[in-house]
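Trainee: Here you go, one structure.
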Amino acid sequence: MHENPASSLGYHPADAVTLPPWKTIASTVAAVLLGVLFFVSGSWKLTDPFTWSQALTEFKVPTALAMPGTLGFGIAEAFAAALIIVPRFRRWGALLIALLLIAFMGYFAINYATLAGKDCSCFPLVKRTIGPGFFVGDGIMLSLAALVWAWSRRSDNIRAALLVLAIVTVFAGVSFGVNANQHSGVHAPATITVDGKPFSLHEGHIFVFFYDPECMHCDAAARRMSKLNWKDTKVVGIPTRMPQFAASFLHDTGLKGGTSNDLKLMRETFKFVDPPYGVALDKGRQKAVVSNFEESEPAKTLREIGYVE
């Protein structure tokens with residue numbers, strides 16, 4: 001019995017089927033569109049992982065899983081984008097994108113009651129919120145992925161695809177290292193205005209707390225922090241909106257600290273998505289950040305760095 005030479009070259013009968021030109025064009029256009037969207041989304045996560053890890057905590061992802069989740073999704077999205085752009089890998093890319101979309105829609109459907117209305121802008125310049133429109137948009141992308149899978153040749157050469165994955169993973173590791181170095185080396189402005197007077201951020205231990213006076217999570221976080229023994233640490237609160245309510249917020253929560261309205265200057269230095277958000281400074285240098293204020297935070301982090309007892 002002789003081996004079919006065509007089979008040894010990776011030829012499959014299904015590949016011999018010639019699709020109408022319009023199907024080939026439609027499949028290619030859909031693949032390029034999905035490839036661009038997922039490449040941008042994945043690259044954004046990999047080049048700004050700390051901001052995205054904070055965003056994941058706001059979507060009820062446990063803090064311990066936020067950074068691994070950011071890197072994992074970033075790698076998966078960028079890898080899927082690379083696969084779907086290359087014709088020989090296109091089916092694999094379409095399948096991976098479909099699985100990612102199903103996972104996203106499933107997660108937000110399960111947590112819809114608590115996440116409805118939250119910003120979910122995975123693509124730059126494209127604003128989306130969790131709601132019916134979110135599922136419609138992802139449903140359209142899922143349909144495009146199915147179209148690409150159905151109207152593309154069978155994928156082959158798993159070793160070459162794994163090489164692409166390795167390249168994306170190395171890029172993710174390098175990007176994380178660069179961001180971690182920059183993140184730990186942030187210097188605060190020398191002086192801001194606190195309670196109407198100049199205040200140095202380069203002296204001693206300072207905890208800067210960004211909050212929204214009308215945010216229930218911020219209120220709960222401030223009430224927990226009011227019970228901590230801050231030792232020699234100074235607390236500076238910066239309202240992200242409604243600054244006229246800053247004094248009443250501190251009074252009602254019992255959090256003792258000064259108030260600064262230098263939001264623009266501080267937010268340009270310490271980038272974050274939404275409050276509550278905290279930055280621990282040691283002589284002007286960022287020592288730690290708190291992006292998630294669950295029951296154990298920020299007390300756990302602040303104790304580890306010696307800012308509270």
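Chain labels A, B, ... are given in the sequence in which chains occur in the structure tokens; within each chain residues are numbered consecutively from 1, and ligands are likewise numbered from 1 in the order shown.
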Using DSSP on the backbone, list every residue of segment 140-261 of chain A that comes out as strand (DSSP E), and give them as a list in words.

Mentor: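 Restricting segment 140-261 of chain A to strand (DSSP E) produces Thr191, Ile192, Thr193, Val194, Lys197, Pro198, Phe199, Ser200, His205, Ile206, Phe207, Val208, Phe209, Phe210, Tyr211, Lys234, Val235, Val236, Gly237, Ile238, Pro239, Gly258 and Thr259 of chain A.
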
Trainee: Determine, counting only C-alpha atoms, which protein, DNA and RNA residues have an atom within 8 Å of an atom of segment 219-230 of chain A; residues of the same chain fewer than 6 positions away are not included. Present the result as a list in words.

Mentor: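 Residues meeting the cut-off are Pro213, Phe249, Leu250, Thr253, Gly254, Leu255, Lys256, Pro276, Phe293, Glu294, Pro298, Ala299, Tyr307, Val308 and Glu309 of chain A.
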
Trainee: Within 9 Å of Thr129 of chain A, counting only C-alpha atoms, which residues qualify if same-chain residues fewer than 6 places away don't, as a PyMOL selection string?

Mentor: chain A and resi 116-121

Trainee: Any idea what's packed within 12 Å of Lys231 of chain A, counting only C-alpha atoms, ignoring anything in its chain fewer than 5 positions away? Could you give it as a list in words?

Mentor: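 Close residues of Lys231 of chain A: Gly204, His205, Ile206, Phe207, Leu302, Arg303, Gly306, Tyr307, Val308 and Glu309 of chain A.
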
Trainee: May I have the selected residues written with N, CA and C atoms, as a CSV table (one decimal), in the first residue's frame?

Mentor:
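The resulting file, selection-v3.csv, is shown below:
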chain,number,residue,atom,x,y,z
A,204,GLY,N,9.3,61.9,54.3
A,204,GLY,CA,8.7,60.9,55.1
A,204,GLY,C,7.7,60.0,54.3
A,205,HIS,N,6.8,59.3,55.1
A,205,HIS,CA,5.9,58.4,54.5
A,205,HIS,C,4.5,59.1,54.3
A,206,ILE,N,4.0,59.0,53.1
A,206,ILE,CA,2.8,59.7,52.7
A,206,ILE,C,1.9,58.7,52.0
A,207,PHE,N,0.6,58.6,52.3
A,207,PHE,CA,-0.3,57.8,51.6
A,207,PHE,C,-1.3,58.7,50.9
A,302,LEU,N,-0.2,48.0,53.4
A,302,LEU,CA,0.4,49.1,54.2
A,302,LEU,C,1.1,48.5,55.4
A,303,ARG,N,0.7,47.4,55.9
A,303,ARG,CA,1.4,46.8,57.0
A,303,ARG,C,2.7,46.1,56.5
A,306,GLY,N,5.2,48.8,56.3
A,306,GLY,CA,5.5,49.5,57.5
A,306,GLY,C,4.8,50.8,57.7
A,307,TYR,N,3.8,51.1,56.9
A,307,TYR,CA,3.1,52.4,57.0
A,307,TYR,C,2.0,52.4,58.1
A,308,VAL,N,1.5,51.3,58.5
A,308,VAL,CA,0.5,51.2,59.6
A,308,VAL,C,0.9,50.0,60.5
A,309,GLU,N,0.4,50.0,61.7
A,309,GLU,CA,0.7,48.9,62.6
A,309,GLU,C,-0.4,47.9,62.5

Trainee: Please list as a PyMOL selection string every residue within 10 Å of Trp149 of chain A, counting only C-alpha atoms and excluding residues in the same chain fewer than 4 positions away.

Mentor: chain A and resi 27+31+84+90-95+98+143-145+153-155

Trainee: Have a look at atom CA of Ala247 of chain A and atom CA of Ser296 of chain A and let me know their distance in Å, one decimal.

Mentor: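 The value is 25.7 Å.
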
Trainee: Return the single residue from A:Asp138, A:Asp212, A:Asp282, A:Asp156 that is closest to Leu263 of chain A, with distances computed using only C-alpha atoms.

Mentor: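 Closest candidate: A:Asp212.
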
Trainee: Could you tell me which of A:Ala188, A:Ala66, A:Cys215, A:Ile102 comes closest to Pro275 of chain A if we count only C-alpha atoms?

Mentor: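 Of A:Ala188, A:Ala66, A:Cys215, A:Ile102, the one nearest Pro275 of chain A is A:Cys215, counting only C-alpha atoms.
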
Trainee: Please, what distance in Å, to one decimal, runs between atom CA of Val36 of chain A and atom CA of Leu163 of chain A?

Mentor: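 So the answer is 20.2 Å.
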
Trainee: In Å, rounded to a single decimal, give me how far atom CA of Thr51 of chain A is from atom CA of Lys271 of chain A.

Mentor: 7.3 Å

Trainee: Run DSSP on the backbone and tell me which residues of segment 158-279 of chain A come out as alpha helix (DSSP H); list them as a PyMOL selection string.

Mentor: chain A and resi 158-184+216-225+246-253+263-269

Trainee: Those same residues, written as a short mmCIF file (atom, residue, chain, number, x, y, z; two decimals), in the first residue's frame with N, CA and C atoms?

Mentor:
data_model
loop_
_atom_site.label_atom_id
_atom_site.label_comp_id
_atom_site.auth_asym_id
_atom_site.auth_seq_id
_atom_site.Cartn_x
_atom_site.Cartn_y
_atom_site.Cartn_z
N ILE A 158 1.71 23.29 13.20
CA ILE A 158 1.56 23.68 14.60
C ILE A 158 2.86 24.22 15.17
N ARG A 159 4.01 23.72 14.69
CA ARG A 159 5.29 24.19 15.21
C ARG A 159 5.51 25.66 14.89
N ALA A 160 5.15 26.07 13.69
CA ALA A 160 5.29 27.49 13.33
C ALA A 160 4.36 28.36 14.16
N ALA A 161 3.14 27.85 14.42
CA ALA A 161 2.19 28.60 15.24
C ALA A 161 2.71 28.76 16.67
N LEU A 162 3.32 27.69 17.19
CA LEU A 162 3.88 27.77 18.54
C LEU A 162 5.05 28.74 18.60
N LEU A 163 5.78 28.87 17.51
CA LEU A 163 6.86 29.86 17.46
C LEU A 163 6.30 31.27 17.57
N VAL A 164 5.17 31.51 16.91
CA VAL A 164 4.51 32.81 17.02
C VAL A 164 4.09 33.07 18.46
N LEU A 165 3.55 32.03 19.11
CA LEU A 165 3.15 32.16 20.52
C LEU A 165 4.36 32.49 21.39
N ALA A 166 5.49 31.86 21.12
CA ALA A 166 6.70 32.11 21.90
C ALA A 166 7.16 33.56 21.73
N ILE A 167 7.07 34.07 20.52
CA ILE A 167 7.48 35.46 20.26
C ILE A 167 6.57 36.43 21.02
N VAL A 168 5.26 36.17 20.97
CA VAL A 168 4.31 37.04 21.69
C VAL A 168 4.56 36.98 23.19
N THR A 169 4.84 35.80 23.71
CA THR A 169 5.08 35.63 25.14
C THR A 169 6.35 36.36 25.57
N VAL A 170 7.40 36.27 24.77
CA VAL A 170 8.65 36.98 25.08
C VAL A 170 8.40 38.49 25.09
N PHE A 171 7.65 38.98 24.11
CA PHE A 171 7.31 40.41 24.07
C PHE A 171 6.56 40.81 25.34
N ALA A 172 5.61 39.95 25.76
CA ALA A 172 4.84 40.25 26.98
C ALA A 172 5.76 40.32 28.19
N GLY A 173 6.72 39.40 28.28
CA GLY A 173 7.64 39.41 29.41
C GLY A 173 8.51 40.64 29.43
N VAL A 174 9.03 41.03 28.28
CA VAL A 174 9.88 42.23 28.20
C VAL A 174 9.06 43.48 28.55
N SER A 175 7.86 43.56 28.00
CA SER A 175 6.99 44.71 28.27
C SER A 175 6.65 44.81 29.75
N PHE A 176 6.36 43.66 30.38
CA PHE A 176 6.05 43.67 31.80
C PHE A 176 7.25 44.15 32.61
N GLY A 177 8.44 43.69 32.24
CA GLY A 177 9.64 44.10 32.96
C GLY A 177 9.87 45.60 32.87
N VAL A 178 9.69 46.15 31.67
CA VAL A 178 9.87 47.59 31.49
C VAL A 178 8.84 48.37 32.30
N ASN A 179 7.58 47.92 32.26
CA ASN A 179 6.52 48.61 33.01
C ASN A 179 6.74 48.49 34.51
N ALA A 180 7.19 47.33 34.98
CA ALA A 180 7.43 47.14 36.41
C ALA A 180 8.53 48.07 36.89
N ASN A 181 9.55 48.24 36.06
CA ASN A 181 10.65 49.14 36.43
C ASN A 181 10.17 50.59 36.49
N GLN A 182 9.39 50.98 35.50
CA GLN A 182 8.86 52.34 35.49
C GLN A 182 7.86 52.55 36.62
N HIS A 183 7.07 51.52 36.88
CA HIS A 183 6.03 51.63 37.89
C HIS A 183 6.62 51.83 39.28
N SER A 184 7.74 51.15 39.54
CA SER A 184 8.35 51.23 40.86
C SER A 184 9.22 52.46 41.01
N MET A 216 -19.56 54.54 46.75
CA MET A 216 -19.76 53.71 47.94
C MET A 216 -18.52 52.89 48.27
N HIS A 217 -17.80 52.43 47.24
CA HIS A 217 -16.56 51.67 47.48
C HIS A 217 -15.52 52.56 48.15
N CYS A 218 -15.44 53.82 47.69
CA CYS A 218 -14.51 54.78 48.29
C CYS A 218 -14.89 55.05 49.74
N ASP A 219 -16.17 55.18 49.99
CA ASP A 219 -16.66 55.43 51.35
C ASP A 219 -16.30 54.28 52.28
N ALA A 220 -16.56 53.05 51.81
CA ALA A 220 -16.25 51.87 52.63
C ALA A 220 -14.75 51.76 52.87
N ALA A 221 -13.94 52.05 51.84
CA ALA A 221 -12.48 51.97 51.99
C ALA A 221 -11.99 52.99 53.00
N ALA A 222 -12.52 54.21 52.93
CA ALA A 222 -12.10 55.26 53.86
C ALA A 222 -12.48 54.92 55.30
N ARG A 223 -13.64 54.33 55.49
CA ARG A 223 -14.07 53.96 56.84
C ARG A 223 -13.16 52.87 57.42
N ARG A 224 -12.73 51.93 56.58
CA ARG A 224 -11.81 50.90 57.07
C ARG A 224 -10.45 51.51 57.39
N MET A 225 -10.00 52.43 56.55
CA MET A 225 -8.70 53.05 56.79
C MET A 225 -8.70 53.94 58.02
N ALA A 246 -15.40 67.14 49.67
CA ALA A 246 -14.23 66.49 50.24
C ALA A 246 -14.23 66.54 51.76
N ALA A 247 -14.49 67.71 52.32
CA ALA A 247 -14.45 67.87 53.77
C ALA A 247 -15.50 66.99 54.46
N SER A 248 -16.71 66.98 53.92
CA SER A 248 -17.76 66.17 54.52
C SER A 248 -17.47 64.68 54.36
N PHE A 249 -16.81 64.29 53.26
CA PHE A 249 -16.44 62.89 53.05
C PHE A 249 -15.47 62.44 54.14
N LEU A 250 -14.43 63.21 54.39
CA LEU A 250 -13.46 62.86 55.42
C LEU A 250 -14.10 62.85 56.80
N HIS A 251 -14.98 63.82 57.04
CA HIS A 251 -15.64 63.89 58.35
C HIS A 251 -16.55 62.68 58.56
N ASP A 252 -17.35 62.35 57.56
CA ASP A 252 -18.32 61.27 57.71
C ASP A 252 -17.64 59.90 57.82
N THR A 253 -16.53 59.71 57.10
CA THR A 253 -15.85 58.41 57.13
C THR A 253 -14.89 58.29 58.31
N LEU A 263 -5.60 67.50 41.43
CA LEU A 263 -5.92 66.22 40.78
C LEU A 263 -5.20 66.06 39.45
N LYS A 264 -5.22 67.08 38.62
CA LYS A 264 -4.63 66.96 37.29
C LYS A 264 -3.15 66.62 37.37
N LEU A 265 -2.42 67.35 38.21
CA LEU A 265 -0.99 67.10 38.36
C LEU A 265 -0.71 65.70 38.88
N MET A 266 -1.45 65.27 39.89
CA MET A 266 -1.21 63.96 40.49
C MET A 266 -1.66 62.83 39.59
N ARG A 267 -2.73 63.03 38.85
CA ARG A 267 -3.21 61.97 37.98
C ARG A 267 -2.32 61.80 36.77
N GLU A 268 -1.66 62.86 36.34
CA GLU A 268 -0.69 62.74 35.25
C GLU A 268 0.52 61.92 35.70
N THR A 269 0.81 61.99 37.00
CA THR A 269 1.97 61.26 37.54
C THR A 269 1.61 59.82 37.86
#

Trainee: Do you know which residues are at most 8 Å from Leu56 of chain A counting only C-alpha atoms, after dropping those on the same chain fewer than 5 positions away, and could you put them as a count of residues only?

Mentor: 4

Trainee: Could you list, as a list in words, every residue within 12 Å of Pro198 of chain A, counting only C-alpha atoms and ignoring same-chain residues fewer than 4 positions away?

Mentor: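 The contact residues come out as Pro189, Ala190, Thr191, Ile192, Thr193, Val194, Gly258, Thr259, Ser260, Asn261 and Asp262 of chain A.
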
Trainee: Looking at A:Trp151, A:Tyr211, A:Phe135, A:Tyr112, which one is nearest to Lys23 of chain A, with distances taken over only C-alpha atoms?

Mentor: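 Ranking A:Trp151, A:Tyr211, A:Phe135, A:Tyr112 by distance to Lys23 of chain A, first place goes to A:Trp151.
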